[in-house]
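Engineer: Mind having a look at this structure? Questions to follow.
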Amino acid sequence: MGPLVLLARLTSRDLLRHRWTSVLLLSALTVAATSLVLGFSLHGRTADAYAHTRAVTRGPDVVVGVFSEPGTALSDAQHRALTALMHDRQVLRSSGPFPQTWTTVAYGAARGGAEVQGRDLAPAQVDQPALTAGRWIEPGAAVLEESFAHALDAHVGDRVRLGDRSFRIVGTAVTAGMTPYPNVCFVGCVLATPTLAATQPGLVWLTRHDAESLVTPAEPLALTAGLLLQPGVDADAFVAARSRPDSSTAPLLTSWRDIARHDGKLITNERIIVLLGSSLLSLLAIATIALLVGSRLSEETRRIGTLKAIGATPAYVATTLLLQHLLLAVVATGIGTALARAVIPQLETPSIGLLGSAAPSSIMPPAVAGTLGIVIGLTVLTTLIASSRTLRASTVAALENLPRRPRRRGALIALSSRLPTPALLGLRLVARRPQRSLLTAAGIAVAATGLVAVLLATARLHADRTHLAGGLTDPNAARLDHVMLMLTVLLTALALVEIIFVSISTTIDAQVTLAIAQALGASPAAARAAVAVALALPALVGAAVGLPAGVELFDSLNHSADTTPVPTLGLAAVLPATVLAAAGLAAITARFASHHGIVDVLQ
């Protein structure tokens with residue numbers, strides 16, 4: 001039998017012999033691979049959707065608006081400045097200026113604000129909103145921006161109250177010249193009325209006459225125009241050359257790139273969350289894989305000693321171990337890619353305020369190649385680290401396969417003699433396998449870090465949504481909630497896999513020790529409690545490290561100037577919940593993992 005055939009047979013038999021360990025290892029690698037492929041693939045996914053919307057709506061290169069101070073009208077100088085921009089030599093075509101004002105909106109139980117823009121009945125040459133339902137404006141009728149209509153849950157044929165007047169909704173539309181609800185004020189707002197200042201307005205189109213009829217002294221008339229620049233003129237350079245940020249009455253210019261970036265903020269946030277999650281899941285996968293590989297090596301130490309005794313070199317034994325783990329890594333990457341392909345259409349869909357879909361739902365080869373490289377590198381690293389000690393051991397030591405004997409110190413003996421039996425046995429189990437306990441603590445610390453960061457990010461999102469008063473909701477916000485829920489489930493699932501596996505390994509490894517303890521008078525419940533203590537201690541250390549680490553991670557990623565409300569109860573529950581979950585799960589697992597009686601174990 002040649003060495004390659006022997007290598008293949010050893011690899012296949014190892015996988016079949018440890019099928020449950022292989023399944024757990026495959027699951028850990030698949031979770032990490034899926035999140036990595038998603039993170040690499042969600043880059044620039046809204047570019048095509050915004051370009052399509054801009055082409056259909058004859059989107060402007062630059063949006064320009066002039067606003068007056070509350071209680072005052074637009075000055076002649078502001079009118080002249082706007083006219084000069086519309087007739088600039090670098091402007092090819094323009095539309096407007098359109099009258100614009102702000103007022104209250106009421107629809108059913110929903111209350112909020114509306115940015116009302118007066119439009120012509122005829123289509124505009126630049127920035128003509130594209131209908132998604134119904135028809136264009138007419139006297140006494142309103143067209144709602146698509147995402148604002150979703151926030152109100154309003155439909156064509158209903159009536160909406162703007163200010164002190166009622167209008168029939170005849171259509172919904174999208175535009176590339178304004179960011180969708182609730183970010184309309186990104187392009188500019190004048191909100192003096194307290195009711196309006198406390199909420200985010202949505203965009204409504206009326207006829208010019210109807211829009212001007214809603215003007216009040218508190219919310220005076222503003223004017224906006226869309227500019228299409230000459231070919232070759234850069235919109236950002238045009239805006240930078242003509243903006244006057246030092247003047248509150250100067251025209252406000254916004255380029256289409258700024259609007260596009262703001263429209264893509266939803267998927268950008270999703271990508272940040274997924275990349276953060278993939279990083280945390282990869283770290284947690286490292287700890288889980290190291291535990292799985294280490295446990296497998298612990299079970300196969302005598303077998304490794306046998307292979308070395310019959311002439312196998314350490315390199316050959318290492319190749320045997322590495323090959324089976326690499327095979328699992330390749331399979332996990334394939335499964336992760338397939339899962340990412342199924343999930344990504346739900347994440348890459350642009351915001352409701354854009355037409356069409358984002359880039360085609362495909363996983364690019366660089367994303368798969370990068371993920372495969374990371375997963376293989378992660379597997380090779382953990383396998384070599386976990387196997388180095390066993391491969392360096394002598395053949396006799398490998399055949400004996402004795403665990404680490406805790407050092408007996410007088411102070412420790414005096415302290416442990418006062419502990420109850422489960423705590424004493426649990427500490428001994430931790431001392432017998434310190435590396436396993438450290439890896440468990442590291443994995444739980446990573447999971448706790450991610451969960452704390454998710455709690456703070458959720459609190460930040462809910463704080464942002466409190467500005468949407470009167471029962472209005474952000475129609476795109478639920479997607480970020482789903483992404484964070486997915487991240488929470490994956491982190492929790494991988495942490496539970498780790499805890500279950502460690503508790504099973506600890507129970508099997510400690511059978512003789514616990515059997516002797518029971519023979520000397522310890523109860524079966526105390527033996528199971530010892531396994532729970534052996535898991536609770538690393539969980540306590542991991543949660544204690546993960547709590548401040550999660551806060552620091554969120555602070556490093558949160559660039560908002562607003563203060564994030566602290567979910568005190570949620571953060572306070574992380575430490576005890578983690579310890580109780582680890583201890584309870586370990587006790588349950590230990591009960592089912594103990595198949596043999598005391599006599600059978602001692603014999």
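Note on naming: chains are A, B, ... as they come in the structure tokens, residues start from 1 per chain, ligands start from 1 in the order shown.
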Can you tell me which residues surround A:Leu229 at a distance of at most 6 Å, considering only C-alpha atoms, apart from same-chain residues fewer than 5 positions away, and format the answer as a short mmCIF file (atom, residue, chain, number, x, y, z; two decimals) with N, CA, C and O atoms, in the first residue's frame?
Structural biologist:
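Output saved as selection.cif:
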```cif
data_model
loop_
_atom_site.label_atom_id
_atom_site.label_comp_id
_atom_site.auth_asym_id
_atom_site.auth_seq_id
_atom_site.Cartn_x
_atom_site.Cartn_y
_atom_site.Cartn_z
N GLN A 90 -21.97 76.44 -17.77
CA GLN A 90 -21.70 75.00 -17.66
C GLN A 90 -22.99 74.18 -17.50
O GLN A 90 -22.92 72.97 -17.35
N VAL A 91 -24.14 74.84 -17.52
CA VAL A 91 -25.42 74.16 -17.38
C VAL A 91 -26.02 73.95 -18.77
O VAL A 91 -26.16 74.89 -19.55
N LEU A 92 -26.37 72.69 -19.08
CA LEU A 92 -26.97 72.37 -20.37
C LEU A 92 -28.47 72.63 -20.36
O LEU A 92 -29.00 73.29 -21.25
#
```
Engineer: Do you have the atom CA of A:Leu547-atom CA of A:Ile500 distance handy?
Structural biologist: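 If I compute the distance from atom CA of A:Leu547 to atom CA of A:Ile500, I get 22.1 Å.
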Engineer: For A:Gly570, which residue out of A:Thr371, A:Thr458, A:Thr83, A:Ser523 is the nearest one, using only C-alpha atoms?
Structural biologist: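 The closest residue to A:Gly570 is A:Thr458.
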Engineer: List the spatial neighbours of A:Val156 as a PDB file with N, CA and C atoms, in the first residue's frame - criterion: any atom at most 7 Å away, only C-alpha atoms, same-chain residues fewer than 2 positions off excluded.
Structural biologist:
```pdb
ATOM      1  N   GLY A 134     -50.599  54.786 -10.023  1.00  0.00           N
ATOM      2  CA  GLY A 134     -51.502  55.905 -10.266  1.00  0.00           C
ATOM      3  C   GLY A 134     -51.070  56.799 -11.409  1.00  0.00           C
ATOM      4  N   ASP A 158     -56.850  57.131  -1.584  1.00  0.00           N
ATOM      5  CA  ASP A 158     -57.114  57.635  -0.235  1.00  0.00           C
ATOM      6  C   ASP A 158     -56.993  59.156  -0.226  1.00  0.00           C
ATOM      7  N   ILE A 169     -55.032  61.290  -2.969  1.00  0.00           N
ATOM      8  CA  ILE A 169     -53.785  60.697  -3.451  1.00  0.00           C
ATOM      9  C   ILE A 169     -54.069  60.032  -4.795  1.00  0.00           C
ATOM     10  N   VAL A 170     -53.436  60.548  -5.854  1.00  0.00           N
ATOM     11  CA  VAL A 170     -53.657  59.995  -7.185  1.00  0.00           C
ATOM     12  C   VAL A 170     -52.480  59.174  -7.680  1.00  0.00           C
ATOM     13  N   GLY A 171     -51.343  59.186  -6.959  1.00  0.00           N
ATOM     14  CA  GLY A 171     -50.200  58.419  -7.421  1.00  0.00           C
ATOM     15  C   GLY A 171     -49.064  58.406  -6.417  1.00  0.00           C
TER      16      GLY A 171
END
```
Engineer: Return as a list of chain:residue names the full set of residues in stretch 144-211 of chain A whose backbone-based DSSP assignment is strand (DSSP E).
Structural biologist: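 Taking stretch 144-211 of chain A and keeping strand (DSSP E) gives A:Leu144, A:Glu145, A:Arg159, A:Val160, A:Arg161, A:Leu162, A:Arg165, A:Ser166, A:Phe167, A:Arg168, A:Ile169, A:Val170, A:Gly171, A:Thr172, A:Ala173, A:Val174, A:Gly202, A:Leu203, A:Val204, A:Trp205, A:Leu206, A:Thr207.
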